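What follows is a set of notes on a single structure, which appears directly below.
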Number of protein chains: 4
Amino acid sequence: MKTCVDENSQPKDTTIPVVGEAKIKNPIKFGRFVVEDDAVLVNISKRYMDKSAKSRKKVVHQYFESAGPRGKVYFDTSKTKCAVVTCGGLCPGLNDVIRAVVMTAYHQYNVPSVLGIQYGLAGFIPEYGYDVIELTPDYVSRIHEFGGTILGSSRGPQDPEDIVDALERMNVSILFMIGGDGTMRAASKVVAEISRRGLAISVVGLPKTIDNDINFASPSFGFDTAVETATTAIRGAHVEATGAPWGIGLVKVMGRHAGYIAAQSALSCQEVNFVLIPEDPFDIDGENGFLAALERRMHERGNSVIVVAEGAGQEHLEGSGKTDASGNVKLGDFALLLKERIIQYFKEKGVDPTLKYIDPSYIIRSVPANANDRIYCSFLGINAVHAGMSGRTGLVISRWNGRYVHIPMEEVTRCKKRISTCSNYWRAVLESTGQPISMRNDKS
Amino acid sequence: MKTCVDENSQPKDTTIPVVGEAKIKNPIKFGRFVVEDDAVLVNISKRYMDKSAKSRKKVVHQYFESAGPRGKVYFDTSKTKCAVVTCGGLCPGLNDVIRAVVMTAYHQYNVPSVLGIQYGLAGFIPEYGYDVIELTPDYVSRIHEFGGTILGSSRGPQDPEDIVDALERMNVSILFMIGGDGTMRAASKVVAEISRRGLAISVVGLPKTIDNDINFASPSFGFDTAVETATTAIRGAHVEATGAPWGIGLVKVMGRHAGYIAAQSALSCQEVNFVLIPEDPFDIDGENGFLAALERRMHERGNSVIVVAEGAGQEHLEGSGKTDASGNVKLGDFALLLKERIIQYFKEKGVDPTLKYIDPSYIIRSVPANANDRIYCSFLGINAVHAGMSGRTGLVISRWNGRYVHIPMEEVTRCKKRISTCSNYWRAVLESTGQPISMRNDKS
Amino acid sequence: MKTCVDENSQPKDTTIPVVGEAKIKNPIKFGRFVVEDDAVLVNISKRYMDKSAKSRKKVVHQYFESAGPRGKVYFDTSKTKCAVVTCGGLCPGLNDVIRAVVMTAYHQYNVPSVLGIQYGLAGFIPEYGYDVIELTPDYVSRIHEFGGTILGSSRGPQDPEDIVDALERMNVSILFMIGGDGTMRAASKVVAEISRRGLAISVVGLPKTIDNDINFASPSFGFDTAVETATTAIRGAHVEATGAPWGIGLVKVMGRHAGYIAAQSALSCQEVNFVLIPEDPFDIDGENGFLAALERRMHERGNSVIVVAEGAGQEHLEGSGKTDASGNVKLGDFALLLKERIIQYFKEKGVDPTLKYIDPSYIIRSVPANANDRIYCSFLGINAVHAGMSGRTGLVISRWNGRYVHIPMEEVTRCKKRISTCSNYWRAVLESTGQPISMRNDKS
Amino acid sequence: MKTCVDENSQPKDTTIPVVGEAKIKNPIKFGRFVVEDDAVLVNISKRYMDKSAKSRKKVVHQYFESAGPRGKVYFDTSKTKCAVVTCGGLCPGLNDVIRAVVMTAYHQYNVPSVLGIQYGLAGFIPEYGYDVIELTPDYVSRIHEFGGTILGSSRGPQDPEDIVDALERMNVSILFMIGGDGTMRAASKVVAEISRRGLAISVVGLPKTIDNDINFASPSFGFDTAVETATTAIRGAHVEATGAPWGIGLVKVMGRHAGYIAAQSALSCQEVNFVLIPEDPFDIDGENGFLAALERRMHERGNSVIVVAEGAGQEHLEGSGKTDASGNVKLGDFALLLKERIIQYFKEKGVDPTLKYIDPSYIIRSVPANANDRIYCSFLGINAVHAGMSGRTGLVISRWNGRYVHIPMEEVTRCKKRISTCSNYWRAVLESTGQPISMRNDKS
């Protein structure tokens, strides 16, 4: 057995920057204010604690600040204008986050205005001509019933200077940015530009990734809904595979660099026979390769369901080297390649498989959030407003060890989360599918 | 305004053939037996009735025989072996039909055995080596909870002589064939071969078409479920289209020769802007063509949802001339062509559309039947058993003018049902989408 | 075997009254106008036709006028104000009908205004102080996503004179009334009062009954959705019943005078063991009574699912003689009585049943319409506008023999639709449940 | 603002008892074995850590042992017979846990047999005559598609001696007990009796509570599904409330001592106006009481949705002092009392409210688990088998701080989990509903 590194790296620094000292009494009337020692220990394993205890040097434990309302706020809430923007691909729960931000800003802090920036970062740039939407409690009251984002979204960066110009022009004090790690990097640049100009504008990030691959965002909002929806498609593949002689169902799901949706859906379905993810490279040909394993399964049971994460098997494609508007490397379409290879392989063996290919990506991205994600998104939005009002900036709201916390933006973009292929989690997937532990001919 | 032909042609003959005279008392203990004058008038419009009344010749009205149990049956039920086979592509409700056949045969007629033929007509042919399944009430009791067919299915014909050989070998008295019009044609040949050999074997057809395009099958089972499922995908397309600048959602749904799923889903969603169906040819280019219409819509609203039936726009593709195993002409993939044309068109105009393409076909085909289709399928299966027991053969079970009826097999295969583009139904679709009445440059 | 009467009585008269002669060219630009001989024969059985043919008297066949647009309209559409009101209990699809009326009135006839009357007939009466809502296409564009009625509803009649006063005051030319048979009777009185005053106001009814018991409304809108939702509750009862020793699931569903929801849900579920409906009286005690039958089932299988229509078994309750605001007799709660009797019966026999009681009524009433009902409601609303514009009044829109038709209001209120207990439909229910054909000790 | 105690008390002892030393090499071929220092710190707040650091005494941190496979096992797996039993009320996910136990025991440890004990603890007692079911991978392969428990369940204790007799008789080495805190207490007694007899039988508990009120089970399995299902019922109440003049929707949900389902559903719905839970006592009458608050809301908005946890308001009922078979105090039906009081209150004020009462309890309990709970249940079942095989006993499997852990049985039964009414969680509920912070006249 291999030993493994921890799933998540330690943060370098957990200090949250501020735009100024919070001195104003928080207007919230009820409940408990969060205090400094509510913070949450980052690494909670006995191994880490034992090591710390044995260390000769004085160990300073790392904590993530707890999210929630503070007794003092920085902004004069009745004069604080907020703005919200959604960036990148759709993900269930966007409208829930927007709604929670608007409701909390209005009802708990009595802000005069929350602006909705349309179509991502482009909405800040006058040339695009996108109007700003005035988001009121009435306007957002039922938006959580619908998928997508009422603000619209788009990919791609914009000049941080232009964004800060827009914030100054609109007189925005707190900006809520909902987006992936590209957006969080853009947010960091905006924070830097604000700081350079000496402005008191707070920027709070809400990490969004349907792939569940953002560091310290565990799990990301919308992921549970995505898995639930993917499960339906996979069940369809199972029905198709078992309904035909030599039937194969091939489902492509999202997961550019991390196979969480593929793995989690397989665990939920219990009817998947192969899960292919970017973290676990495999050979297609050869005695131990995928096709040989598939053939064995077909001879045993007569049908197969294969779930392929978008980014799996990229090593078998010639790289295009291209990137999309968000700067993400354009992945080749491995699932389609695999489809062709499977059909060809069996035809050469004299069998005519009935292969059904399902790509439910845009259905998954566009459904409304389920109950679980709705609540999660609400708390993310609520806590984002608390964080912004307190004068904090350059942070994201996340959940860590089961608590809502503040994490410095840099920490979530420093690296990507991946499935550890020697974890108990991945073992559970392999047990559920029955696929070989490795499909590589040269097992190193 | 154009005048139109009736949606459905008149049948040539409504007489149902029999394998022999029904002389045995029906074992059913309760309810009412169907008698000869329960039959249902085929054409029920005043126009037809007036014309008949004015006719100088004596008019013989055409009736479809009512389905249901007769007072006398032909087969000695306690010794009658039945067999069920499912052919062609998956369709919601197959398991419900199978279940109803088995339950009715066992519980109402006390048959000793119902055999399940696996993987379509191939299941009759010894060379394929597919086992026959003994279908008992216990075995089928919960199959309606799952999509697909527990028997498996396959495309393609088999020699009628081989099929009748198998029926003789297995000592089957009644064969229930569930499949599309290809299967119904195959069933007719099986009936002919049975007749040639002078055997007393009844063949009852249950027309299956997810496209809802079989003549006199109105609507076909599974169609309602298909529309409900397609609606979900289209809603996703709407969310994606409105969530991006210059957003376009393009959904491909089933419908080789008839656009019922596309049209009906659009009526259900109310959020579709273009429905393209095989019955209504259109130009892609030109002032009145689709692309120009799409551009106008984009300038007005900034987004569009397009639903394309599989068989639409085939005139814009070079025919491959190929056919699949069932003998169906292989259609070119017009939806993909359209996708490319749309992107290219707008790029040439300097706009970069965000087009999301969704193909939910196999998800639609594999879902379990909804409540409505479940009940429909039950009655089809129940009535199929009644028909077979009475000694009838060469017929299908269908619903006509709201009643379950017997229709000669030849009538359902004589032609295909189509959407009449000058019907109020199609007008409702056009009103719902707001698309131009015609997208042809040369309006004839 | 008993012989039965037809499920539906013949109409006395199928003539539709008008407010004046239609002389204005219909503004609709596309499609086909309905003409007189599109009418649909009411009785389409061979029995009826043969009898007619043999009759010595000249037989005049009865037809229902086809719904749809006519070539000429009565109202000057660009000046025609419409009003919509929803009355009685909630039913899936109300918002879909409202939406279709508004969309058709605006987009096909360019009316200047459609008014929404709030909270049923009370909304016409100034004393209640309910505002009138201006229903625009924008206002109604997404209402079909939600259950209930955006107009609100209420029970109970109002003085027809007050209603017509309000119509005059608001200058309404066409009134769309959506409600049950009480509402249709109220509508008839409004028509009479309008006629008495010599006004040119058209009143079009849209029969609403979740019980599916309105004559000639077959099936009523929302019924399919109701059955689908009831099925979920019944499945829960089945799970509870099989999950406990001597487990019994008892589900109460709507059905005051007709057991359609109970019967149809049982057919859809296939897991119900007893369906009790108002049309089929039964004894509770005695050798052939319900409790004895239940006991036999429990000894055989150890669990039971019972579905009781609201109005079943009323003969076992002392009548309260009370009526609700709509004038409906207040039914006693038989399901609760039955619950107590079952528990007591088995306790006396020394067994302690685990009985779970489920009443899903308000969940059923409040869900949004499913795809099938959405489309049905759309066509009802569309055709209601066509009918009103043509100058027709005192009619309802319905579907008969599969076609949309006009039916005089009096015909739908003359009697209620019931399940015939000797129909093949009821036999299918009995076969599905396996309950005794009769649970009466004194079988007459 | 009040300060609050921590939501969960510290455990007294986290040591897990064993039936004997694990010496046999674990047969699992892949992945990583859990080692001692994988344990998870129980209290992870900075407050606790700082206090520990300042303490003069040497602080021994408390850890929960990580769940998962160990390098050594105690039982000779190929000869180890397992047994599974489900106790108490139904809860989504029971079948998923059973399935995971069976699959893991067979496929990872190659056990020869897993026995299913029927109908709870009664299934151990010969007098009841319930057969034991042989649970094979084939038998359980699709049970997760259905709600409830395939084993059946029942309430009430049985003599621990009888249970251990049965285990000896059946030669069971590992017993998996799925049930509430009553069942966990029973399990502790079984462990004690096993120990007294000196037997090597391991007992592993899987805490089940649809109320989410078991200490250290956070959240309990099935809770997410329950909330999702309750949300549907509450949405129905909202539709009914807004659909009638002076409309009130009253929904009763589960929650005997803790209002988690009520609170969580309200957060998910965002359409609830009052949440009443056992943890937050309130007055019904008086200026600050519930009825006055309801009246104010009705005057402002004309409708209200009220969600009442089963155990709320018990102080307003005369205690019956009765207990059910499981020993739980029988709660009075406060929701029905409240219903009467609301109607009476408004009638006295001259208003006739339209109150719709919905009790979805058994629908909630009987649905299949959603995707999230499916996966959660799988991991609970998998880890239960690992724990049992390692020779551990008297423990439960749970999730703590996001990790799967072992917790001593005594710790989960020592007290019940409650909502802290001064937590940020409860504030979020109050903000979402807009209800008064307190509805007590005498605010202490």
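Ligands are numbered from 1 in the order shown, chains are lettered A, B, ... in the order of the structure tokens, and residues start at 1 in each chain.
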
Could you go through segment 128-355 of chain B and tell me which residues DSSP, when run on the backbone, assigns to alpha helix (DSSP H), listing them as a VMD selection string?
chain B and resid 137 to 140 160 to 170 181 to 197 223 to 242 260 to 269 290 to 301 334 to 348

Which residues are near segment 247-264 of chain C? Cut-off 8 Å, only C-alpha atoms, ignore same chain within fewer than 5 positions. Put them as a PyMOL selection string.
(chain B and resi 375) or (chain C and resi 210-213+223+226-227+230+233-234+237-238+240-242+275-279+302-312+331+335+339+353-361+417-419+426+429)

Save the residues we just selected, N, CA and C atoms, as a short mmCIF file (atom, residue, chain, number, x, y, z; two decimals), in the first residue's frame?
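New file selection_35.cif:
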data_model
loop_
_atom_site.label_atom_id
_atom_site.label_comp_id
_atom_site.auth_asym_id
_atom_site.auth_seq_id
_atom_site.Cartn_x
_atom_site.Cartn_y
_atom_site.Cartn_z
N ILE B 375 -50.81 4.07 -16.58
CA ILE B 375 -52.19 3.59 -16.67
C ILE B 375 -52.51 3.23 -18.12
N ILE C 210 -61.04 18.94 -9.37
CA ILE C 210 -59.93 18.01 -9.15
C ILE C 210 -60.48 16.59 -9.02
N ASP C 211 -61.77 16.46 -8.70
CA ASP C 211 -62.38 15.13 -8.58
C ASP C 211 -62.70 14.50 -9.93
N ASN C 212 -62.58 15.27 -11.00
CA ASN C 212 -62.89 14.77 -12.35
C ASN C 212 -64.34 14.36 -12.48
N ASP C 213 -65.26 15.04 -11.79
CA ASP C 213 -66.65 14.57 -11.75
C ASP C 213 -67.62 15.48 -12.48
N PHE C 223 -56.41 16.90 -13.28
CA PHE C 223 -56.67 15.55 -12.77
C PHE C 223 -55.43 14.67 -12.92
N ALA C 226 -52.96 15.58 -10.37
CA ALA C 226 -53.44 15.15 -9.05
C ALA C 226 -53.15 13.67 -8.84
N VAL C 227 -53.41 12.87 -9.87
CA VAL C 227 -53.17 11.44 -9.77
C VAL C 227 -51.68 11.17 -9.58
N ALA C 230 -50.85 12.06 -6.02
CA ALA C 230 -51.44 11.10 -5.08
C ALA C 230 -50.63 9.80 -5.08
N ALA C 233 -47.91 9.73 -2.56
CA ALA C 233 -48.37 9.51 -1.19
C ALA C 233 -48.72 8.04 -0.97
N ILE C 234 -49.33 7.43 -1.97
CA ILE C 234 -49.72 6.03 -1.83
C ILE C 234 -48.47 5.14 -1.77
N ALA C 237 -47.41 5.10 1.63
CA ALA C 237 -48.24 4.22 2.45
C ALA C 237 -47.82 2.76 2.28
N HIS C 238 -47.47 2.41 1.06
CA HIS C 238 -47.01 1.05 0.78
C HIS C 238 -45.70 0.76 1.53
N GLU C 240 -44.61 2.23 4.23
CA GLU C 240 -44.91 2.15 5.66
C GLU C 240 -45.58 0.81 6.00
N ALA C 241 -46.51 0.38 5.16
CA ALA C 241 -47.25 -0.85 5.45
C ALA C 241 -46.34 -2.07 5.42
N THR C 242 -45.44 -2.10 4.46
CA THR C 242 -44.56 -3.27 4.36
C THR C 242 -43.40 -3.17 5.34
N VAL C 275 -59.61 -0.10 -2.70
CA VAL C 275 -60.02 1.23 -3.11
C VAL C 275 -61.48 1.40 -2.72
N LEU C 276 -61.77 2.37 -1.88
CA LEU C 276 -63.15 2.61 -1.45
C LEU C 276 -63.64 3.92 -2.06
N ILE C 277 -64.73 3.84 -2.81
CA ILE C 277 -65.22 5.03 -3.52
C ILE C 277 -66.71 5.22 -3.24
N PRO C 278 -67.19 6.45 -3.45
CA PRO C 278 -68.61 6.72 -3.15
C PRO C 278 -69.56 5.91 -4.02
N GLU C 279 -69.12 5.57 -5.23
CA GLU C 279 -70.02 4.90 -6.17
C GLU C 279 -70.29 3.45 -5.80
N GLY C 302 -49.77 -10.01 5.35
CA GLY C 302 -49.16 -9.31 6.47
C GLY C 302 -49.19 -7.79 6.39
N ASN C 303 -49.70 -7.25 5.27
CA ASN C 303 -49.78 -5.79 5.16
C ASN C 303 -50.84 -5.41 4.14
N SER C 304 -51.30 -4.17 4.20
CA SER C 304 -52.33 -3.69 3.28
C SER C 304 -52.21 -2.20 3.04
N VAL C 305 -52.55 -1.80 1.81
CA VAL C 305 -52.67 -0.38 1.50
C VAL C 305 -54.12 -0.12 1.08
N ILE C 306 -54.73 0.85 1.76
CA ILE C 306 -56.14 1.18 1.51
C ILE C 306 -56.22 2.63 1.05
N VAL C 307 -56.90 2.86 -0.07
CA VAL C 307 -57.12 4.22 -0.54
C VAL C 307 -58.60 4.54 -0.44
N VAL C 308 -58.92 5.59 0.28
CA VAL C 308 -60.31 5.96 0.52
C VAL C 308 -60.60 7.32 -0.11
N ALA C 309 -61.58 7.36 -1.00
CA ALA C 309 -62.02 8.65 -1.52
C ALA C 309 -62.80 9.36 -0.42
N GLU C 310 -62.62 10.67 -0.40
CA GLU C 310 -63.23 11.53 0.62
C GLU C 310 -64.71 11.21 0.85
N GLY C 311 -65.44 10.94 -0.21
CA GLY C 311 -66.89 10.78 -0.07
C GLY C 311 -67.34 9.34 0.10
N ALA C 312 -66.40 8.41 0.20
CA ALA C 312 -66.79 7.00 0.35
C ALA C 312 -67.38 6.75 1.73
N LEU C 331 -69.12 16.76 4.15
CA LEU C 331 -69.01 15.33 4.33
C LEU C 331 -68.44 15.03 5.71
N ALA C 335 -62.78 8.49 6.59
CA ALA C 335 -61.45 7.86 6.66
C ALA C 335 -60.98 7.77 8.11
N LYS C 339 -60.26 4.38 10.22
CA LYS C 339 -59.02 4.18 10.94
C LYS C 339 -59.30 3.63 12.34
N PRO C 353 -52.22 -3.61 15.07
CA PRO C 353 -51.75 -3.20 13.75
C PRO C 353 -50.94 -1.91 13.83
N THR C 354 -50.01 -1.74 12.90
CA THR C 354 -49.28 -0.48 12.77
C THR C 354 -49.92 0.28 11.63
N LEU C 355 -50.89 1.14 11.95
CA LEU C 355 -51.63 1.84 10.91
C LEU C 355 -51.08 3.25 10.72
N LYS C 356 -50.71 3.57 9.48
CA LYS C 356 -50.23 4.90 9.17
C LYS C 356 -51.25 5.59 8.27
N TYR C 357 -51.68 6.78 8.69
CA TYR C 357 -52.75 7.51 8.00
C TYR C 357 -52.15 8.70 7.25
N ILE C 358 -52.41 8.81 5.99
CA ILE C 358 -51.85 9.89 5.17
C ILE C 358 -52.97 10.65 4.47
N ASP C 359 -52.97 11.95 4.62
CA ASP C 359 -53.95 12.79 3.93
C ASP C 359 -53.20 13.84 3.11
N PRO C 360 -52.94 13.56 1.84
CA PRO C 360 -52.10 14.46 1.04
C PRO C 360 -52.90 15.54 0.30
N SER C 361 -54.14 15.78 0.70
CA SER C 361 -55.03 16.62 -0.11
C SER C 361 -54.43 17.96 -0.53
N LYS C 417 -70.54 13.36 -13.13
CA LYS C 417 -69.97 12.15 -13.71
C LYS C 417 -69.62 11.19 -12.58
N ARG C 418 -69.81 9.92 -12.80
CA ARG C 418 -69.51 8.90 -11.79
C ARG C 418 -68.77 7.73 -12.44
N ILE C 419 -68.05 6.99 -11.63
CA ILE C 419 -67.48 5.73 -12.11
C ILE C 419 -68.59 4.70 -12.16
N TRP C 426 -63.55 -0.03 -13.91
CA TRP C 426 -63.62 -0.45 -12.51
C TRP C 426 -63.11 -1.88 -12.33
N VAL C 429 -59.52 -1.80 -11.95
CA VAL C 429 -59.15 -1.42 -10.58
C VAL C 429 -59.25 -2.63 -9.66
#

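Proximity of C:Val132, C:Leu199, C:Val367, C:Ile150 to Glu228 of chain C, computed with only C-alpha atoms, is greatest for C:Val367.
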
Pick out the chain B residues within 7 Å of chain A. Count only C-alpha atoms. Give them as a list in words.
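My answer is Tyr119, Gly147, Gly148, Thr149, Ile150, Gly152, Ser153, Ser154, Ala233, Gly236, Val239, Glu240, Thr242, Gly243, Ala244, Pro245, Ile358, Tyr362, Ile363, Ser366 and Val367 of chain B.
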
Save the residues we just selected, N, CA and C atoms, as a PDB file, in the first residue's frame?
ATOM      1  N   TYR B 119     -34.171  -9.570 -26.092  1.00  0.00           N
ATOM      2  CA  TYR B 119     -33.467  -8.813 -27.134  1.00  0.00           C
ATOM      3  C   TYR B 119     -34.163  -8.837 -28.483  1.00  0.00           C
ATOM      4  N   GLY B 147     -37.157   2.115 -15.799  1.00  0.00           N
ATOM      5  CA  GLY B 147     -37.243   2.398 -17.213  1.00  0.00           C
ATOM      6  C   GLY B 147     -36.739   1.231 -18.042  1.00  0.00           C
ATOM      7  N   GLY B 148     -36.780   1.412 -19.363  1.00  0.00           N
ATOM      8  CA  GLY B 148     -36.272   0.381 -20.259  1.00  0.00           C
ATOM      9  C   GLY B 148     -37.198  -0.815 -20.354  1.00  0.00           C
ATOM     10  N   THR B 149     -36.628  -1.947 -20.751  1.00  0.00           N
ATOM     11  CA  THR B 149     -37.402  -3.185 -20.842  1.00  0.00           C
ATOM     12  C   THR B 149     -36.602  -4.309 -20.193  1.00  0.00           C
ATOM     13  N   ILE B 150     -37.234  -5.031 -19.288  1.00  0.00           N
ATOM     14  CA  ILE B 150     -36.514  -6.136 -18.646  1.00  0.00           C
ATOM     15  C   ILE B 150     -36.166  -7.229 -19.649  1.00  0.00           C
ATOM     16  N   GLY B 152     -34.918  -6.649 -22.598  1.00  0.00           N
ATOM     17  CA  GLY B 152     -33.924  -6.208 -23.564  1.00  0.00           C
ATOM     18  C   GLY B 152     -34.591  -6.031 -24.916  1.00  0.00           C
ATOM     19  N   SER B 153     -33.909  -5.367 -25.800  1.00  0.00           N
ATOM     20  CA  SER B 153     -34.483  -5.111 -27.107  1.00  0.00           C
ATOM     21  C   SER B 153     -33.359  -5.126 -28.130  1.00  0.00           C
ATOM     22  N   SER B 154     -33.735  -5.185 -29.391  1.00  0.00           N
ATOM     23  CA  SER B 154     -32.731  -5.004 -30.448  1.00  0.00           C
ATOM     24  C   SER B 154     -33.461  -4.555 -31.694  1.00  0.00           C
ATOM     25  N   ALA B 233     -35.048  19.298 -20.151  1.00  0.00           N
ATOM     26  CA  ALA B 233     -33.854  19.656 -20.919  1.00  0.00           C
ATOM     27  C   ALA B 233     -34.023  21.028 -21.553  1.00  0.00           C
ATOM     28  N   GLY B 236     -33.475  23.736 -19.187  1.00  0.00           N
ATOM     29  CA  GLY B 236     -32.039  23.951 -19.019  1.00  0.00           C
ATOM     30  C   GLY B 236     -31.490  24.847 -20.118  1.00  0.00           C
ATOM     31  N   VAL B 239     -32.377  28.400 -19.399  1.00  0.00           N
ATOM     32  CA  VAL B 239     -31.536  28.969 -18.339  1.00  0.00           C
ATOM     33  C   VAL B 239     -30.161  29.324 -18.899  1.00  0.00           C
ATOM     34  N   GLU B 240     -29.587  28.437 -19.694  1.00  0.00           N
ATOM     35  CA  GLU B 240     -28.274  28.712 -20.279  1.00  0.00           C
ATOM     36  C   GLU B 240     -28.345  29.910 -21.236  1.00  0.00           C
ATOM     37  N   THR B 242     -30.428  32.451 -21.296  1.00  0.00           N
ATOM     38  CA  THR B 242     -30.627  33.743 -20.642  1.00  0.00           C
ATOM     39  C   THR B 242     -29.466  34.083 -19.708  1.00  0.00           C
ATOM     40  N   GLY B 243     -28.611  33.104 -19.435  1.00  0.00           N
ATOM     41  CA  GLY B 243     -27.527  33.329 -18.484  1.00  0.00           C
ATOM     42  C   GLY B 243     -26.247  33.841 -19.120  1.00  0.00           C
ATOM     43  N   ALA B 244     -26.262  34.066 -20.411  1.00  0.00           N
ATOM     44  CA  ALA B 244     -25.035  34.491 -21.086  1.00  0.00           C
ATOM     45  C   ALA B 244     -25.367  35.606 -22.064  1.00  0.00           C
ATOM     46  N   PRO B 245     -24.415  36.487 -22.348  1.00  0.00           N
ATOM     47  CA  PRO B 245     -24.671  37.502 -23.361  1.00  0.00           C
ATOM     48  C   PRO B 245     -24.766  36.821 -24.721  1.00  0.00           C
ATOM     49  N   ILE B 358     -27.719  20.751 -26.362  1.00  0.00           N
ATOM     50  CA  ILE B 358     -28.182  19.694 -25.460  1.00  0.00           C
ATOM     51  C   ILE B 358     -28.870  18.598 -26.256  1.00  0.00           C
ATOM     52  N   TYR B 362     -31.184   9.902 -24.946  1.00  0.00           N
ATOM     53  CA  TYR B 362     -31.171   8.629 -24.228  1.00  0.00           C
ATOM     54  C   TYR B 362     -31.664   8.768 -22.802  1.00  0.00           C
ATOM     55  N   ILE B 363     -31.596   9.993 -22.263  1.00  0.00           N
ATOM     56  CA  ILE B 363     -32.210  10.205 -20.962  1.00  0.00           C
ATOM     57  C   ILE B 363     -33.720  10.069 -21.097  1.00  0.00           C
ATOM     58  N   SER B 366     -35.055   6.454 -21.504  1.00  0.00           N
ATOM     59  CA  SER B 366     -34.798   5.462 -20.461  1.00  0.00           C
ATOM     60  C   SER B 366     -35.494   5.747 -19.132  1.00  0.00           C
ATOM     61  N   VAL B 367     -36.248   6.821 -19.035  1.00  0.00           N
ATOM     62  CA  VAL B 367     -36.932   7.090 -17.763  1.00  0.00           C
ATOM     63  C   VAL B 367     -38.131   6.152 -17.590  1.00  0.00           C
TER      64      VAL B 367
END

Have a look at D:Thr231, D:Ala39, D:Arg301, D:Pro92 and name the one nearest to Ser66 of chain D; count only C-alpha atoms.
D:Ala39

Could you list, as a PyMOL selection string, every residue within 10 Å of Val40 of chain A, counting only C-alpha atoms and ignoring same-chain residues fewer than 3 positions away?
(chain A and resi 37+43-44+62-67+400-406) or (chain D and resi 43-49)

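The nearest approach to Val203 of chain B among the residues B:Gly394, B:Pro137, B:Pro408, B:Gly20, with only C-alpha atoms taken into account, belongs to B:Gly394.
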